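Q: Got target31.cif for you, mmCIF, C-alpha atoms:
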data_protein
loop_
_atom_site.label_atom_id
_atom_site.label_comp_id
_atom_site.auth_asym_id
_atom_site.auth_seq_id
_atom_site.Cartn_x
_atom_site.Cartn_y
_atom_site.Cartn_z
CA MET A 1 7.99 20.36 69.95
CA ALA A 2 10.50 17.69 70.53
CA LYS A 3 11.36 17.64 66.91
CA PHE A 4 11.88 21.38 66.91
CA ASN A 5 14.33 21.21 69.80
CA LYS A 6 16.29 18.47 68.22
CA GLY A 7 16.84 20.50 65.13
CA LYS A 8 18.06 23.58 67.04
CA LYS A 9 20.51 21.82 69.32
CA SER A 10 23.41 22.08 66.95
CA GLY A 11 22.76 25.83 66.51
CA MET A 12 23.84 28.78 68.60
CA ALA A 13 23.91 28.23 72.35
CA PRO A 14 22.59 31.22 74.38
CA ILE A 15 25.31 33.33 75.97
CA SER A 16 25.57 32.47 79.61
CA THR A 17 24.86 35.42 81.90
CA ALA A 18 25.81 33.47 85.00
CA SER A 19 29.05 35.43 85.41
CA LEU A 20 27.33 38.80 85.09
CA PRO A 21 26.78 39.08 88.86
CA ASP A 22 30.46 38.36 89.39
CA VAL A 23 31.47 41.16 87.09
CA VAL A 24 29.08 43.58 88.70
CA PHE A 25 30.18 42.56 92.19
CA MET A 26 33.75 43.20 91.21
CA LEU A 27 32.85 46.74 90.15
CA LEU A 28 30.82 47.13 93.31
CA PHE A 29 33.75 46.20 95.53
CA PHE A 30 35.99 48.57 93.65
CA PHE A 31 33.67 51.47 94.33
CA MET A 32 33.06 50.41 97.90
CA VAL A 33 36.77 50.43 98.60
CA THR A 34 37.50 53.74 96.90
CA THR A 35 34.48 55.56 98.29
CA VAL A 36 35.04 58.28 100.81
CA LEU A 37 31.71 59.13 102.33
CA ARG A 38 31.20 62.82 102.91
CA GLU A 39 32.16 63.56 106.47
CA THR A 40 30.78 67.02 106.89
CA GLU A 41 27.70 68.61 105.50
CA LEU A 42 28.49 71.94 103.95
CA PHE A 43 26.32 74.90 104.82
CA ILE A 44 28.29 77.21 102.59
CA ARG A 45 28.97 77.30 98.90
CA VAL A 46 32.60 76.83 97.96
CA LYS A 47 33.84 77.17 94.43
CA LEU A 48 37.56 76.60 94.64
CA PRO A 49 39.95 78.77 92.61
CA GLU A 50 42.01 77.23 89.84
CA ALA A 51 45.76 76.68 89.97
CA THR A 52 48.39 74.76 88.05
CA GLU A 53 51.24 74.31 90.53
CA ILE A 54 49.37 72.16 92.99
CA LYS A 55 50.52 69.39 95.24
CA LYS A 56 48.49 66.52 96.55
CA LEU A 57 47.77 66.46 100.24
CA GLU A 58 49.34 63.48 101.93
CA LYS A 59 48.04 61.79 105.03
CA LYS A 60 44.42 62.77 105.06
CA SER A 61 44.09 61.97 108.74
CA LEU A 62 46.43 64.83 109.60
CA VAL A 63 44.49 67.46 107.70
CA SER A 64 41.91 69.73 109.28
CA TYR A 65 39.60 71.73 107.10
CA ILE A 66 38.40 75.30 107.34
CA TYR A 67 35.66 76.27 104.93
CA VAL A 68 34.91 79.87 104.02
CA GLY A 69 32.23 81.11 101.67
CA PRO A 70 28.72 82.50 101.34
CA PRO A 71 25.91 80.40 102.87
CA ILE A 72 24.05 78.04 100.54
CA LEU A 73 20.94 79.40 98.80
CA LYS A 74 18.56 77.79 101.26
CA LEU A 75 20.13 79.62 104.19
CA GLN A 76 20.72 82.94 102.47
CA GLN A 77 17.33 84.32 103.49
CA THR A 78 18.18 84.11 107.15
CA LEU A 79 21.94 84.55 107.06
CA GLY A 80 22.59 86.84 104.11
CA THR A 81 25.36 86.40 101.57
CA GLU A 82 28.32 87.53 103.67
CA PRO A 83 31.08 84.89 103.66
CA ARG A 84 31.16 82.79 106.78
CA ILE A 85 33.52 80.31 108.36
CA GLN A 86 32.51 76.71 108.83
CA LEU A 87 34.41 74.35 111.10
CA ASN A 88 33.25 70.74 111.24
CA ASP A 89 29.47 70.89 111.15
CA LYS A 90 28.63 74.41 112.22
CA PHE A 91 29.13 78.07 111.47
CA SER A 92 31.88 79.55 113.55
CA SER A 93 33.59 82.80 114.25
CA LEU A 94 37.27 83.70 114.13
CA SER A 95 37.73 83.11 117.85
CA ASP A 96 36.57 79.48 117.48
CA ILE A 97 39.55 78.62 115.28
CA ARG A 98 41.92 78.42 118.21
CA ASP A 99 39.73 75.90 120.04
CA PHE A 100 39.24 73.98 116.82
CA ILE A 101 42.97 73.65 116.21
CA ILE A 102 43.62 72.65 119.80
CA SER A 103 40.92 69.99 119.77
CA GLU A 104 42.25 68.65 116.47
CA ARG A 105 45.70 68.41 118.02
CA GLU A 106 44.45 66.54 121.04
CA GLN A 107 43.05 63.78 118.86
CA LYS A 108 46.42 63.06 117.34
CA ASP A 109 49.69 61.63 118.49
CA GLU A 110 52.15 64.12 119.85
CA ALA A 111 54.75 63.05 117.32
CA GLU A 112 52.39 63.78 114.47
CA VAL A 113 51.48 67.31 115.51
CA PRO A 114 54.25 69.06 113.53
CA PHE A 115 52.99 67.41 110.34
CA MET A 116 49.44 68.58 110.74
CA THR A 117 48.17 70.67 107.88
CA THR A 118 45.28 73.07 107.76
CA SER A 119 43.50 73.06 104.45
CA LEU A 120 41.71 76.27 103.58
CA LYS A 121 38.76 75.68 101.33
CA VAL A 122 37.77 79.17 100.38
CA ASP A 123 35.33 80.35 97.75
CA GLU A 124 37.14 82.23 94.98
CA LYS A 125 34.95 85.32 95.32
CA THR A 126 35.64 85.78 99.01
CA LYS A 127 37.48 88.93 99.99
CA MET A 128 40.99 88.48 101.37
CA GLY A 129 40.15 90.28 104.62
CA ILE A 130 38.57 87.26 106.23
CA VAL A 131 41.28 84.94 104.88
CA THR A 132 43.99 87.19 106.29
CA ASP A 133 42.28 87.15 109.67
CA ILE A 134 42.18 83.36 109.62
CA LYS A 135 45.85 83.21 108.67
CA GLN A 136 46.77 85.53 111.55
CA GLU A 137 44.75 83.35 113.91
CA LEU A 138 46.51 80.22 112.66
CA ARG A 139 49.87 81.88 113.10
CA ASN A 140 49.02 82.69 116.66
CA CYS A 141 48.14 79.05 117.31
CA ASN A 142 51.37 77.91 115.65
CA ALA A 143 49.51 75.94 112.99
CA LEU A 144 51.89 77.05 110.29
CA LYS A 145 51.45 74.42 107.61
CA ILE A 146 48.60 75.45 105.42
CA ASN A 147 47.28 74.46 102.05
CA TYR A 148 45.18 76.64 99.80
CA SER A 149 42.85 74.08 98.33
CA SER A 150 42.35 74.55 94.62
CA ARG A 151 41.20 72.83 91.49
CA THR A 152 43.54 71.63 88.78
CA LYS A 153 43.68 73.85 85.77
CA ILE A 154 44.54 72.06 82.58
CA LYS A 155 47.84 73.33 81.26
CA LYS A 156 47.84 74.59 77.72
CA MET B 1 8.60 7.04 93.87
CA ALA B 2 8.68 9.47 91.03
CA ARG B 3 8.63 12.36 93.51
CA LYS B 4 11.78 11.31 95.33
CA LYS B 5 13.73 11.25 92.12
CA ARG B 6 13.01 14.90 91.44
CA PRO B 7 16.19 16.97 92.05
CA ILE B 8 16.24 19.98 94.37
CA PRO B 9 15.25 22.99 92.28
CA GLU B 10 18.09 25.41 91.70
CA ILE B 11 17.78 28.87 93.18
CA ASN B 12 17.28 31.35 90.41
CA ALA B 13 20.29 33.63 90.41
CA GLY B 14 19.02 35.81 87.63
CA SER B 15 18.11 38.68 89.92
CA MET B 16 21.48 38.63 91.61
CA ALA B 17 22.81 40.96 88.96
CA ASP B 18 19.97 43.40 89.63
CA ILE B 19 20.75 43.53 93.33
CA ALA B 20 24.41 44.02 92.65
CA PHE B 21 23.65 46.76 90.14
CA LEU B 22 21.48 48.54 92.66
CA LEU B 23 24.29 48.56 95.21
CA LEU B 24 26.77 49.54 92.55
CA ILE B 25 24.72 52.55 91.54
CA PHE B 26 24.34 53.59 95.17
CA PHE B 27 28.10 53.64 95.64
CA LEU B 28 28.66 55.32 92.30
CA VAL B 29 26.40 58.17 93.35
CA THR B 30 27.82 58.63 96.83
CA THR B 31 31.45 58.41 95.74
CA THR B 32 33.51 61.57 95.80
CA MET B 33 36.61 60.83 93.85
CA ASP B 34 38.21 64.24 94.25
CA VAL B 35 41.68 64.13 95.72
CA ASP B 36 42.48 67.02 97.95
CA SER B 37 45.15 69.15 96.45
CA GLY B 38 46.29 72.72 96.50
CA LEU B 39 49.13 75.15 97.00
CA SER B 40 51.14 74.34 100.09
CA ARG B 41 52.50 77.18 102.13
CA MET B 42 54.25 77.74 105.41
CA LEU B 43 53.09 80.69 107.46
CA PRO B 44 55.78 82.70 109.21
CA PRO B 45 55.88 82.08 112.95
CA PRO B 46 54.23 84.73 115.11
CA VAL B 47 56.41 87.76 115.74
CA PRO B 48 57.38 88.29 119.39
CA GLU B 49 56.33 91.72 120.57
CA ASN B 50 59.66 93.11 121.65
CA GLN B 51 61.64 91.93 118.65
CA GLU B 52 63.94 94.31 116.84
CA PRO B 53 62.93 95.03 113.27
CA PRO B 54 64.96 92.99 110.77
CA PRO B 55 67.74 94.74 108.86
CA PRO B 56 66.43 96.49 105.77
CA ILE B 57 66.78 94.71 102.43
CA LYS B 58 68.13 96.59 99.44
CA ASP B 59 65.50 97.78 97.02
CA ARG B 60 67.00 95.95 94.07
CA ASN B 61 66.66 92.62 95.88
CA VAL B 62 62.94 92.95 96.48
CA PHE B 63 60.27 92.22 93.92
CA VAL B 64 57.18 94.03 95.10
CA VAL B 65 53.80 92.75 94.01
CA LEU B 66 50.77 94.74 95.13
CA VAL B 67 47.19 93.68 94.55
CA ASN B 68 44.45 96.21 95.17
CA LYS B 69 40.79 95.82 95.97
CA ASP B 70 39.83 95.86 92.28
CA ASN B 71 42.11 92.86 91.72
CA ARG B 72 44.64 94.90 89.77
CA LEU B 73 48.35 94.30 90.03
CA LEU B 74 51.18 96.71 90.55
CA VAL B 75 54.51 95.02 90.02
CA GLU B 76 57.69 96.98 90.77
CA GLY B 77 55.75 100.20 90.28
CA GLU B 78 54.06 99.37 87.01
CA PRO B 79 50.60 97.95 86.38
CA MET B 80 50.56 94.44 84.98
CA LYS B 81 48.32 91.53 84.01
CA VAL B 82 48.50 88.26 85.91
CA LYS B 83 49.63 86.50 82.73
CA GLN B 84 52.76 88.65 82.42
CA LEU B 85 53.76 88.14 86.03
CA ARG B 86 55.43 84.78 85.52
CA GLU B 87 57.96 86.02 82.93
CA LYS B 88 58.71 89.12 84.95
CA ALA B 89 59.24 87.11 88.13
CA LYS B 90 61.49 84.63 86.35
CA GLU B 91 63.62 87.42 84.99
CA PHE B 92 63.86 88.92 88.46
CA ILE B 93 64.76 85.69 90.25
CA ALA B 94 67.40 84.51 87.80
CA ASN B 95 68.77 87.89 86.72
CA PRO B 96 70.41 86.26 83.70
CA ARG B 97 72.31 89.32 82.46
CA ASN B 98 73.38 90.57 85.89
CA THR B 99 71.46 93.80 85.44
CA GLU B 100 72.15 96.56 87.94
CA THR B 101 68.53 96.96 88.95
CA LEU B 102 67.87 93.27 89.51
CA PRO B 103 69.04 91.32 92.60
CA GLU B 104 72.66 90.98 93.62
CA LYS B 105 74.36 87.64 93.48
CA LYS B 106 76.69 86.03 95.92
CA GLU B 107 79.13 83.25 95.14
CA THR B 108 78.14 80.31 97.28
CA ASP B 109 79.53 76.82 97.63
CA ILE B 110 76.86 74.33 96.66
CA LYS B 111 77.17 70.57 96.55
CA LEU B 112 77.29 69.13 93.03
CA PHE B 113 77.50 72.62 91.53
CA GLY B 114 80.64 74.04 93.14
CA LYS B 115 80.77 77.82 93.27
CA TYR B 116 77.54 79.26 91.96
CA PRO B 117 76.22 82.81 92.01
CA VAL B 118 73.04 82.71 94.08
CA SER B 119 70.81 85.73 93.84
CA LYS B 120 69.55 87.39 96.99
CA GLN B 121 66.01 87.69 95.70
CA VAL B 122 62.94 88.13 97.84
CA ILE B 123 59.42 88.43 96.52
CA SER B 124 57.16 90.57 98.58
CA LEU B 125 53.44 90.11 98.12
CA GLN B 126 50.97 92.57 99.54
CA ASN B 127 47.26 92.47 99.14
CA ASP B 128 44.30 94.53 100.19
CA ARG B 129 41.57 93.26 102.46
CA GLY B 130 39.21 93.70 99.53
CA THR B 131 41.18 91.55 97.07
CA ALA B 132 39.28 88.52 95.82
CA TYR B 133 40.66 85.20 96.98
CA GLY B 134 40.67 83.89 93.40
CA THR B 135 43.06 86.64 92.29
CA TYR B 136 45.29 86.08 95.28
CA ILE B 137 45.61 82.38 94.44
CA ALA B 138 46.24 83.20 90.77
CA VAL B 139 49.12 85.50 91.77
CA GLN B 140 50.55 82.97 94.22
CA ASN B 141 50.26 80.31 91.54
CA GLU B 142 52.18 82.41 89.00
CA LEU B 143 54.96 83.11 91.49
CA VAL B 144 55.31 79.44 92.44
CA ALA B 145 55.22 78.58 88.74
CA ALA B 146 58.10 80.99 88.10
CA TYR B 147 60.23 79.23 90.71
CA ASN B 148 59.24 75.80 89.44
CA GLU B 149 60.10 76.67 85.85
CA LEU B 150 63.51 78.01 86.82
CA ARG B 151 64.23 74.93 88.92
CA ASN B 152 63.17 72.72 86.04
CA GLU B 153 65.38 74.58 83.61
CA LEU B 154 68.38 74.27 85.91
CA ALA B 155 67.69 70.61 86.57
CA GLN B 156 67.45 69.91 82.85
CA GLN B 157 70.66 71.77 82.19
CA LYS B 158 72.66 70.08 84.92
CA PHE B 159 71.14 66.62 85.28
CA GLY B 160 69.02 66.25 82.15
CA LYS B 161 65.93 65.54 84.22
CA ASN B 162 62.96 67.44 85.52
CA PHE B 163 63.13 68.82 89.04
CA ASP B 164 60.53 66.33 90.28
CA GLU B 165 62.64 63.39 89.13
CA LEU B 166 65.83 64.41 90.94
CA ASN B 167 67.02 62.56 94.03
CA LYS B 168 67.13 64.27 97.40
CA GLU B 169 70.70 65.54 97.15
CA GLN B 170 70.23 66.97 93.68
CA SER B 171 66.92 68.63 94.43
CA ASP B 172 68.33 70.15 97.61
CA ALA B 173 71.15 71.66 95.60
CA VAL B 174 68.71 73.12 93.08
CA LYS B 175 66.57 74.43 95.90
CA GLU B 176 69.58 76.15 97.40
CA ILE B 177 70.21 78.01 94.15
CA TYR B 178 66.57 79.02 93.72
CA PRO B 179 65.12 79.19 97.22
CA GLN B 180 61.45 79.99 97.29
CA ARG B 181 61.24 83.28 99.15
CA ILE B 182 57.76 84.67 98.96
CA SER B 183 57.14 86.98 101.84
CA GLU B 184 53.72 88.26 102.65
CA ALA B 185 53.53 91.58 104.36
CA GLU B 186 51.59 92.00 107.55
CA PRO B 187 48.05 92.82 106.43
CA LYS B 188 47.23 96.40 105.64
CA ASN B 189 44.95 98.35 103.39
CA VAL B 190 46.38 99.07 99.96
CA GLY B 191 44.47 101.23 97.57
CA GLY B 192 41.79 103.00 99.47
CA GLN B 193 39.81 102.23 102.58
CA GLN B 194 36.31 100.89 102.31
#
Show the structure stored in the file as structure tokens.

A:
Amino acid sequence: MAKFNKGKKSGMAPISTASLPDVVFMLLFFFMVTTVLRETELFIRVKLPEATEIKKLEKKSLVSYIYVGPPILKLQQTLGTEPRIQLNDKFSSLSDIRDFIISEREQKDEAEVPFMTTSLKVDEKTKMGIVTDIKQELRNCNALKINYSSRTKIKK
Amino acid sequence: MARKKRPIPEINAGSMADIAFLLLIFFLVTTTMDVDSGLSRMLPPPVPENQEPPPPIKDRNVFVVLVNKDNRLLVEGEPMKVKQLREKAKEFIANPRNTETLPEKKETDIKLFGKYPVSKQVISLQNDRGTAYGTYIAVQNELVAAYNELRNELAQQKFGKNFDELNKEQSDAVKEIYPQRISEAEPKNVGGQQ
């Protein structure tokens, strides 16, 4: 045995894996830092429409989201497939939008209120009727900055 | 005696990588990397009840886009595909040959450009309550694209840069020549009640 070892010593040394944890930890921290955990659970299915001329939303803290779309498959038996509005974590009706906007405003600084944006995440198959109603409601609450959320379409 | 000489055994760090991998995979799965983006719009402020109706705009200055409940387009009285809309809108906004039927132009003083004929264009978009949201966004996208392309062309011509790369003063001047005027009519039913 001893002889055997002696002969091999001058040969290839095994690659050290001691730094493997370091590498993996580095990746881990990267993902931990960039992760945004899902804030709301969606009860509706939203497939965003495609667009090319899109702008990124700045200042995520100033954005409030309104989701519109048909309920997810699990809930379709009880709720049907009619598009519904979701604010935060529950189904809502048109009249709830006003309260929603007001409560969003109260959480923010007064100076920041004019920069608040409402992002509409609407399923592409939804009819415009409900979207128009939401827009009218937003106009009445003076929440005029809106953003039609959409996916990037690769330009040809 | 022999026992005391024995060194403290090293902690085996071999499984460290496994633990780190486990955490790594957890974060990989829960990560949502999507950046929120979309078409930004300003809604018009609510109309006061006792306001006088605005003065009428000449027909030649308005580019009417209608979308019906079957997602079909009627542009300036003729049916059209979404793909053709961009070219048509560009021609309308710029009115390169000063055609009689396209918008009027008014000489305006603009910084960096001097006197420049600015067209009095307005795009009016009307949709039915039954229009699909996807089509509506596609139309909006084409109209915004028309403005962006014209602004880019002008910026290239004047400053040799794209519109996005201009400084504030330059981009303001370009914006003044091609202001984005997309007006959405108060909702109504176009193309049959359902």

Q: Between A:Arg45, A:Thr126, A:Ile134, A:Pro114, which one has atoms that come closest to A:Asp96, using only C-alpha atoms?

A: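 Closest residue, counting only C-alpha atoms: A:Ile134.
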
Q: Residues at most 12 Å from B:Lys115, counting all atoms listed in the file, excluding those fewer than 4 positions away in the same chain, as number ranges by chain?

A: B: 105-111, 173, 177

Q: Please compute the atom CA of B:Phe113-atom CA of B:Ala145 distance, one decimal, in Å.

A: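 So the two atoms, atom CA of B:Phe113 and atom CA of B:Ala145, lie 23.2 Å apart.
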
Q: Selection in question (the file shown): the PyMOL selection byres ((chain B and resi 92-104) around 6). Which residues does it include, as a list in words?

A: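 Evaluating the PyMOL selection byres ((chain B and resi 92-104) around 6) on this file yields Arg60, Asn61, Ala89, Lys90, Glu91, Lys105, Ser119, Lys120 and Gln121 of chain B.
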
Q: When you count all atoms listed in the file, which of these residues is closest to chain B: A:Val33, A:Leu20, A:Met116, A:Leu73?

A: A:Leu20

Q: Taking (30.2, 79.9, 110.3) in the file's coordinates, which residues come within 9 Å, counting all atoms listed in the file, written as a PyMOL selection string?

A: chain A and resi 43-44+67-69+71+83-87+90-94

Q: Regenerate stretch 138-155 of chain A at the level of N, CA, C and O atoms and dump it as a compact mmCIF listing (two decimals), in the coordinates of the input.

A:
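Final output, saved to out-v6.txt:
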# COMPACT_ATOMS: atom_id res chain seq x y z
N LEU A 138 45.75 81.47 112.75
CA LEU A 138 46.51 80.22 112.66
C LEU A 138 47.96 80.44 113.07
O LEU A 138 48.57 79.58 113.71
N ARG A 139 48.50 81.58 112.69
CA ARG A 139 49.87 81.88 113.10
C ARG A 139 49.98 81.94 114.61
O ARG A 139 50.92 81.43 115.20
N ASN A 140 48.99 82.57 115.21
CA ASN A 140 49.02 82.69 116.66
C ASN A 140 48.90 81.35 117.36
O ASN A 140 49.37 81.17 118.48
N CYS A 141 48.25 80.38 116.71
CA CYS A 141 48.14 79.05 117.31
C CYS A 141 49.29 78.15 116.89
O CYS A 141 49.28 76.96 117.20
N ASN A 142 50.24 78.69 116.13
CA ASN A 142 51.37 77.91 115.65
C ASN A 142 50.96 76.77 114.72
O ASN A 142 51.64 75.75 114.66
N ALA A 143 49.86 76.91 114.02
CA ALA A 143 49.51 75.94 112.99
C ALA A 143 49.99 76.53 111.68
O ALA A 143 49.26 77.20 110.97
N LEU A 144 51.27 76.29 111.38
CA LEU A 144 51.89 77.05 110.29
C LEU A 144 51.79 76.38 108.93
O LEU A 144 51.92 77.03 107.91
N LYS A 145 51.57 75.08 108.92
CA LYS A 145 51.45 74.42 107.61
C LYS A 145 50.05 74.61 107.09
O LYS A 145 49.10 74.12 107.68
N ILE A 146 49.93 75.30 105.98
CA ILE A 146 48.60 75.45 105.42
C ILE A 146 48.60 75.04 103.95
O ILE A 146 49.65 74.91 103.32
N ASN A 147 47.44 74.86 103.45
CA ASN A 147 47.28 74.46 102.05
C ASN A 147 46.07 75.20 101.49
O ASN A 147 44.98 75.09 102.02
N TYR A 148 46.30 75.98 100.45
CA TYR A 148 45.18 76.64 99.80
C TYR A 148 44.57 75.66 98.81
O TYR A 148 45.13 75.42 97.75
N SER A 149 43.46 75.09 99.18
CA SER A 149 42.85 74.08 98.33
C SER A 149 42.42 74.68 97.00
O SER A 149 41.83 75.75 96.97
N SER A 150 42.75 74.01 95.92
CA SER A 150 42.35 74.55 94.62
C SER A 150 42.15 73.43 93.60
O SER A 150 42.61 72.31 93.78
N ARG A 151 41.47 73.80 92.54
CA ARG A 151 41.20 72.83 91.49
C ARG A 151 42.34 72.82 90.49
O ARG A 151 43.03 73.81 90.32
N THR A 152 42.50 71.70 89.81
CA THR A 152 43.54 71.63 88.78
C THR A 152 43.07 72.39 87.55
O THR A 152 41.95 72.23 87.11
N LYS A 153 43.97 73.18 87.02
CA LYS A 153 43.68 73.85 85.77
C LYS A 153 44.48 73.13 84.71
O LYS A 153 45.66 72.85 84.89
N ILE A 154 43.82 72.81 83.63
CA ILE A 154 44.54 72.06 82.58
C ILE A 154 45.55 72.98 81.91
O ILE A 154 45.21 74.07 81.46
N LYS A 155 46.79 72.52 81.88
CA LYS A 155 47.84 73.33 81.26
C LYS A 155 47.69 73.35 79.75
O LYS A 155 47.36 72.34 79.14
